[in-house]
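K.L.:
One structure, pasted below without further comment.
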Amino acid sequence: MKKGRGGRSFGGERRDGFHYNRYQVPKQVASSSSNPAPAPASSSNSPTNLQNLVGTCSDMCPAKERAQRERLRDLSVLERLNGDTTKTSPSLAVKKFCRTISSADVNVSDIRPLPVLKQTLDYLMKLLDSTNLPFEIVHDFIFDRTRSIRQDLTMQNLVSPEAAEIYEDIVKFHIISHQKLAMCWGRPEISSLCHLNVEQLIKCLLSLYDMYQVIGKGKCTSNKEAEFYSLYVLLHLGNNLPKMGETLSLWYRQLAYSVHLAMEVQIAKKILRYAEMGNFKLFFSSAAMDLTNLQFSLIEPFLNEVRARAIVQFNQSCYKLQPIPMRHLSELLMVKEEEFEQLCKSCSLETSMDDTGIRLLPCKQATFCIPKSGLPFIGISANQSI
Amino acid sequence: MAAYLSLAESQRRIAGYLHRFVDAIARQDGPTLRPLLAVSSSASLLPLADALANFPDSSRLVTQSDQIAQFAEILLPLLRSIQSHRLRCFAEAYSSYEKAANAFLQEFRNWETPWAMEAVHAIALEIRLLAEKGDRELASVGKSPEKLQAAGSFLMKVFGALAGKGPKRVGALYITCQLFKIYFKLGTVHLCRSVIRSIETARIFDFEEFPLKDKVTYMYYTGRLEVFNESFLAADQKLTYALARSDPLNMSNMRMILKYLIPVKLSLGILPKMSLLKKYNLLEYKDVVDALKTGDVRLLRQALQDHEEQFLRSGVYLVLEKLELIVFQRLVKKIYIIQKQKDPDKAHQIKLDLIIKAFKWLGIDMDVDEGECIVTMLIYKNLIKGYFAHKSKVCVLSKNDPFPKLSGKPVMAS
């Protein structure tokens with residue numbers, strides 16, 4: 001804050017050496033569906049701090065809610081005892097997310113303490129693998145019930161490495177769902193589920209980062225943390241992301257430099273750059289080789305969007321009289337030739353064949369158009385030929 | 001040192017201050033009132049603080065006179081704040097000041113004319129400065145820094161008091177700028193949106209009515225927001241507005257605007273003179289500009305690495321990274337120029353091999369596939385006019401203006 005010197009100054013940009021984040025900025029009440037900020041675990045003498053509730057519910061679902069939902073027949077398929085719509089059990093029922101809760105109505109007996117939340121989450125994650133139900137139903141259930149877990153966490157102002165682990169597992173759930181839902185492309189109800197899923201994924205990640213900052217306080221960022229930070233970068237590959245308030249440039253500003261230097265984050269930034277610079281060769285080879293499993297799972301549903309961009313780029317830039325062999329493009333974009341042809345067709349592009357049977361993509365077609373129902377999901381296929 | 005101060009002298013100082021305060025209000029004298037509120041930003045109240053430390057019963061001096069007591073709700077916490085600040089208890093100084101400010105705002109609402117606007121602005125500035133000091137103090141003892149956020153809430157209240165049809169509304173832009181500074185510092189930049197909406201789209205304000213200094217600051221901050229959003233045309237317009245109306249002798253302000261304007265201009269294909277960079281000490285951009293002039297991709301990447309942290313902090317890193325395409329264009333153009341000199345008839349056909357060799361010469365290894373991606377990207381983004389013949393691996397340039405200049409338009413978005 002410069003004084004005098006003729007005219008007003010805009011002020012300096014000196015960093016104060018401490019972070020403002022949502023965990024240090026107290027909010028009113030745990031009443032909204034988004035993740036409000038709990039206070040840091042160490043007690044503060046500030047009079048505006050929320051009181052630290054400690055839950056006492058020892059089941060995945062408080063008994064009162066169980067009884068009520070049995071009466072109202074408000075039980076998910078996954079909660080019904082032997083398929084009975086009016087009966088559940090402590091080992092099946094999981095507390096529902098409640099949008100309109102206010103701190104005044106809260107009973108500690110309805111809130112699950114950290115160990116119970118951990119058990120509940122472990123149970124839910126096991127359900128992810130169940131194959132006897134359509135995935136949307138399983139997703140829907142876990143989506144709601146993990147939101148309730150996050151709600152219980154914030155109502156108790158739990159900020160600790162164990163709480164961070166719970167958030168990390170929930171992030172993993174959202175990523176697995178992101179992948180699996182993308183595989184059911186084409187159905188309109190799925191695309192809104194996808195959108196909501198990514199929205200919660202982002203909220204979860206942002207809360208997780210704040211938690212890292214409070215817990216971390218000057219310690220080195222672990223590889224695991226760096227990996228989770230990199231996920232936010234990789235998300236920006238997607239074209240239709242829900243707008244979450246901050247652009248990447250803004251987010252980079254407040255990120256500690258040590259995190260920027262972490263290898264997992266560097267690789268994510270590089271891949272994003274390759275996609276934006278149209279360097280599909282390096283994008284796909286990097287995606288295939290340099291990413292962790294978690295990072296790859298996150299971007300896999302975006303691969304076809306990137307491929308579509310590549311198709312547009314080549315279609316518009318190449319020579320009409322020299323159509324590109326599909327084999328070349330499919331190798332470049334790491335996809336099987338048949339799948340590539342399918343992708344072109346779904347974008348309303350025609351393909352052709354020459355006299356020797358080689359499939360070609362003619363250029364300068366004016367009909368390119370991304371289908372409203374989205375693109376089919378295709379993962380990465382390594383080169384078939386050597 | 002307060003040790004030599006006699007009780008009588010202390011009492012005189014305090015009483016003098018109180019009378020001056022109350023008089024100023026009675027005479028509706030804004031310029032006199034203003035310095036009496038400058039707890040943090042100036043040293044003028046230090047003698048008063050010493051007197052307060054020396055004279056414990058200062059509240060009696062407020063309450064014993066009716067004329068002064070009517071402003072007790074302002075003056076009592078204000079005196080406390082002055083004292084706390086002197087003792088470097090900044091969090092407490094903030095809290096007391098906020099109480100005084102709230103009481104002052106109540107009075108201000110009742111005064112019909114905007115005579116006290118200067119004082120309100122002074123309060124807005126002090127609130128922010130005290131909050132920043134208070135948060136630094138809280139963080140240093142491991143407590144949660146919450147004063148700046150509280151300051152933001154208070155200033156929103158002030159904004160509300162000014163956002164009306166009356167003559168007080170010209171003071172609103174100054175408050176907006178203080179809010180911007182707070183939001184930028186807190187990292188809650190998205191909160192700027194609602195104030196901006198009130199200023200720009202609600203029918204209350206006429207932007208031209210505001211004082212020039214406030215308009216410049218406002219355009220500086222909103223220009224920066226446009227940079228973060230990579231809306232280069234809007235950023236150019238706003239930052240240039242601020243630049244054109246800033247005092248050219250105020251090096252610090254000029255530098256701050258240019259720091260953001262230069263990357264914006266670069267994205268629009270407009271390069272600054274080296275003398276400008278030198279004059280305002282913005283040499284971190286020197287290599288970036290050189291890379292754009294020569295097509296040296298390696299130089300650009302090196303510059304980004306050398307100043308990575310700085311560029312990340314100011315939020316221009318991604319903007320500069322994207323200049324790589326323009327640098328690629330420059331490189332291909334150089335190859336074209338050299339070819340044209342050797343054989344003008346064949347110059348419009350550039351072999352991909354040659355382009356890859358040029359990159360290799362710069363130390364960047366590239367295979368044919370990558371080269372093809374880059375060339376098709378340049379054509380797609382209209383940085384090269386022509387087409388790429390895949391089979392013959394040749395980039396065929398248009399005879400007419402094959403390397404269109406950006407000239408004030410950004411590279412086509414994806």
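Residue numbers start at 1 in each chain; chains themselves are named A, B, ... in the order of the structure tokens; ligands are numbered from 1 in the order shown.
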Near range 322-327 of chain B, counting only C-alpha atoms, which residues have an atom at most 8 Å away, once you skip same-chain residues fewer than 4 positions from it, shown as a list of chain:residue names?

P.N.:
A:Met277, B:Leu266, B:Ser267, B:Ala291, B:Leu292, B:Lys293, B:Thr294, B:Gly295, B:Asp296, B:Val297, B:Leu300, B:Leu318, B:Leu331, B:Leu378, B:Leu383

K.L.:
Could you save those same residues with all heavy atoms as a CSV table (one decimal), in the first residue's frame?

P.N.:
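Below is the file selection.csv, written as the result:
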```
chain,number,residue,atom,x,y,z
A,277,MET,N,-2.6,-27.1,-28.2
A,277,MET,CA,-1.7,-26.8,-29.3
A,277,MET,C,-2.0,-27.7,-30.6
A,277,MET,O,-1.3,-27.5,-31.6
A,277,MET,CB,-0.3,-26.9,-28.9
A,277,MET,CG,0.1,-25.9,-27.9
A,277,MET,SD,0.3,-24.2,-28.5
A,277,MET,CE,-0.8,-23.3,-27.4
B,266,LEU,N,0.4,-9.0,-26.9
B,266,LEU,CA,1.2,-10.0,-27.6
B,266,LEU,C,0.2,-11.0,-28.2
B,266,LEU,O,0.4,-11.5,-29.3
B,266,LEU,CB,2.2,-10.7,-26.6
B,266,LEU,CG,3.3,-9.9,-26.1
B,266,LEU,CD1,4.2,-10.7,-25.1
B,266,LEU,CD2,4.2,-9.4,-27.3
B,267,SER,N,-0.9,-11.3,-27.5
B,267,SER,CA,-1.8,-12.3,-28.0
B,267,SER,C,-2.6,-11.7,-29.1
B,267,SER,O,-3.3,-12.5,-29.9
B,267,SER,CB,-2.8,-12.7,-26.9
B,267,SER,OG,-2.2,-13.2,-25.7
B,291,ALA,N,11.4,-14.0,-29.0
B,291,ALA,CA,10.9,-15.2,-29.6
B,291,ALA,C,9.9,-15.0,-30.6
B,291,ALA,O,9.9,-15.6,-31.7
B,291,ALA,CB,10.4,-16.2,-28.5
B,292,LEU,N,9.0,-14.1,-30.3
B,292,LEU,CA,7.9,-13.8,-31.3
B,292,LEU,C,8.5,-13.2,-32.5
B,292,LEU,O,8.0,-13.4,-33.7
B,292,LEU,CB,6.9,-12.9,-30.7
B,292,LEU,CG,5.9,-13.6,-29.7
B,292,LEU,CD1,5.1,-12.5,-28.9
B,292,LEU,CD2,4.9,-14.4,-30.5
B,293,LYS,N,9.5,-12.3,-32.4
B,293,LYS,CA,10.1,-11.7,-33.5
B,293,LYS,C,10.9,-12.6,-34.4
B,293,LYS,O,11.0,-12.5,-35.6
B,293,LYS,CB,11.1,-10.6,-33.0
B,293,LYS,CG,10.4,-9.3,-32.6
B,293,LYS,CD,11.5,-8.2,-32.4
B,293,LYS,CE,10.8,-7.0,-31.8
B,293,LYS,NZ,11.7,-6.3,-30.9
B,294,THR,N,11.6,-13.6,-33.7
B,294,THR,CA,12.5,-14.5,-34.5
B,294,THR,C,11.9,-15.9,-34.8
B,294,THR,O,12.5,-16.6,-35.5
B,294,THR,CB,13.8,-14.6,-33.7
B,294,THR,OG1,13.5,-15.2,-32.4
B,294,THR,CG2,14.5,-13.3,-33.6
B,295,GLY,N,10.9,-16.2,-34.1
B,295,GLY,CA,10.3,-17.6,-34.3
B,295,GLY,C,11.1,-18.6,-33.5
B,295,GLY,O,11.1,-19.8,-33.8
B,296,ASP,N,11.8,-18.2,-32.5
B,296,ASP,CA,12.6,-19.1,-31.7
B,296,ASP,C,11.8,-19.7,-30.6
B,296,ASP,O,11.7,-19.2,-29.5
B,296,ASP,CB,13.9,-18.3,-31.2
B,296,ASP,CG,14.9,-19.3,-30.5
B,296,ASP,OD1,14.5,-20.4,-30.3
B,296,ASP,OD2,16.0,-18.8,-30.2
B,297,VAL,N,11.3,-20.9,-30.9
B,297,VAL,CA,10.4,-21.6,-29.9
B,297,VAL,C,11.2,-21.9,-28.6
B,297,VAL,O,10.6,-21.8,-27.5
B,297,VAL,CB,9.9,-22.9,-30.5
B,297,VAL,CG1,8.9,-23.5,-29.6
B,297,VAL,CG2,9.2,-22.6,-31.8
B,300,LEU,N,11.2,-19.0,-26.3
B,300,LEU,CA,9.9,-18.8,-25.6
B,300,LEU,C,9.8,-19.7,-24.4
B,300,LEU,O,9.5,-19.3,-23.3
B,300,LEU,CB,8.8,-19.0,-26.5
B,300,LEU,CG,7.4,-18.9,-25.9
B,300,LEU,CD1,7.1,-17.5,-25.4
B,300,LEU,CD2,6.3,-19.4,-26.8
B,318,LEU,N,-0.6,-18.9,-18.7
B,318,LEU,CA,-1.2,-19.6,-19.8
B,318,LEU,C,-1.4,-18.8,-21.0
B,318,LEU,O,-1.3,-19.3,-22.1
B,318,LEU,CB,-2.6,-20.1,-19.3
B,318,LEU,CG,-2.6,-21.2,-18.3
B,318,LEU,CD1,-4.0,-21.6,-17.8
B,318,LEU,CD2,-1.9,-22.5,-18.8
B,331,LEU,N,8.3,-18.9,-37.4
B,331,LEU,CA,9.4,-19.8,-37.8
B,331,LEU,C,9.1,-20.3,-39.3
B,331,LEU,O,10.0,-20.2,-40.1
B,331,LEU,CB,9.5,-21.0,-36.9
B,331,LEU,CG,10.6,-22.0,-37.2
B,331,LEU,CD1,11.9,-21.3,-37.1
B,331,LEU,CD2,10.5,-23.2,-36.2
B,378,LEU,N,-1.7,-24.8,-37.5
B,378,LEU,CA,-1.5,-23.4,-37.9
B,378,LEU,C,-2.4,-23.0,-39.0
B,378,LEU,O,-2.9,-21.9,-39.1
B,378,LEU,CB,0.0,-23.2,-38.4
B,378,LEU,CG,1.0,-23.3,-37.3
B,378,LEU,CD1,2.4,-23.3,-37.8
B,378,LEU,CD2,0.9,-22.1,-36.4
B,383,LEU,N,-3.4,-19.1,-39.1
B,383,LEU,CA,-2.1,-18.5,-39.0
B,383,LEU,C,-1.3,-18.7,-40.2
B,383,LEU,O,-0.3,-18.1,-40.5
B,383,LEU,CB,-1.3,-19.0,-37.7
B,383,LEU,CG,-1.9,-18.5,-36.4
B,383,LEU,CD1,-1.3,-19.3,-35.2
B,383,LEU,CD2,-1.6,-17.0,-36.2
```

K.L.:
So that I can check the secondary structure, give me every residue of range 153-257 of chain A assigned alpha helix (DSSP H) by backbone DSSP, as a PyMOL selection string.

P.N.:
chain A and resi 153-155+161-183+188-216+223-235+248-254+257

K.L.:
Define the interface residues of chain B facing chain A as those within 6 Å, counting only C-alpha atoms, and report them as a CSV table (one decimal) with C-alpha atoms, in the first residue's frame.

P.N.:
```csv
chain,number,residue,atom,x,y,z
B,143,LYS,CA,-5.5,-18.5,14.3
B,144,SER,CA,-7.9,-18.2,11.4
B,146,GLU,CA,-11.1,-13.7,9.2
B,186,LEU,CA,-8.7,-13.3,-0.4
B,228,PHE,CA,-7.8,-14.3,-16.4
B,312,LEU,CA,1.9,-18.1,-12.6
B,313,ARG,CA,1.4,-15.6,-9.7
B,315,GLY,CA,-2.0,-15.2,-13.9
B,370,GLU,CA,4.1,-34.1,-34.8
B,373,CYS,CA,-0.1,-31.8,-36.3
B,376,THR,CA,-2.4,-28.5,-39.7
B,377,MET,CA,-3.0,-26.6,-36.5
B,379,ILE,CA,-3.6,-23.7,-41.0
B,380,TYR,CA,-6.7,-24.5,-38.9
B,387,TYR,CA,-3.4,-26.5,-47.1
B,388,PHE,CA,-1.4,-29.5,-46.1
B,389,ALA,CA,-1.0,-32.4,-48.6
```

K.L.:
Residues near range 155-172 of chain B, anyone? I mean within 9 Å using only C-alpha atoms, not counting same-chain ones fewer than 5 positions away, as a list in words.

P.N.:
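The neighbour list is Leu105, Phe108, Arg109, Glu112, Thr113, Pro114, Trp115, Met117, Glu118, Val120, His121, Ala124, Ile127, Arg128, Ala150, Cys177, Gln178, Leu179, Val195, Ser198, Ile199, Ile204, Phe205, Asp206, Phe207, Glu209, Phe210 and Pro211 of chain B.
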
K.L.:
At a cut-off of 10 Å, using only C-alpha atoms, what residues contact range 277-290 of chain B? Leave out same-chain residues fewer than 3 positions from it and give the result as a PyMOL selection string.

P.N.:
chain B and resi 251-256+258-259+262-263+266+270-274+293-297+299-304+306-307+310-311+320-321+323-324+327

K.L.:
With distances taken over only C-alpha atoms, which residue among B:Asn54, B:Ser246, B:Ser59, B:Gln329 lies nearest Glu73 in chain B?

P.N.:
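For Glu73 in chain B, the nearest of the candidates is B:Ser59.
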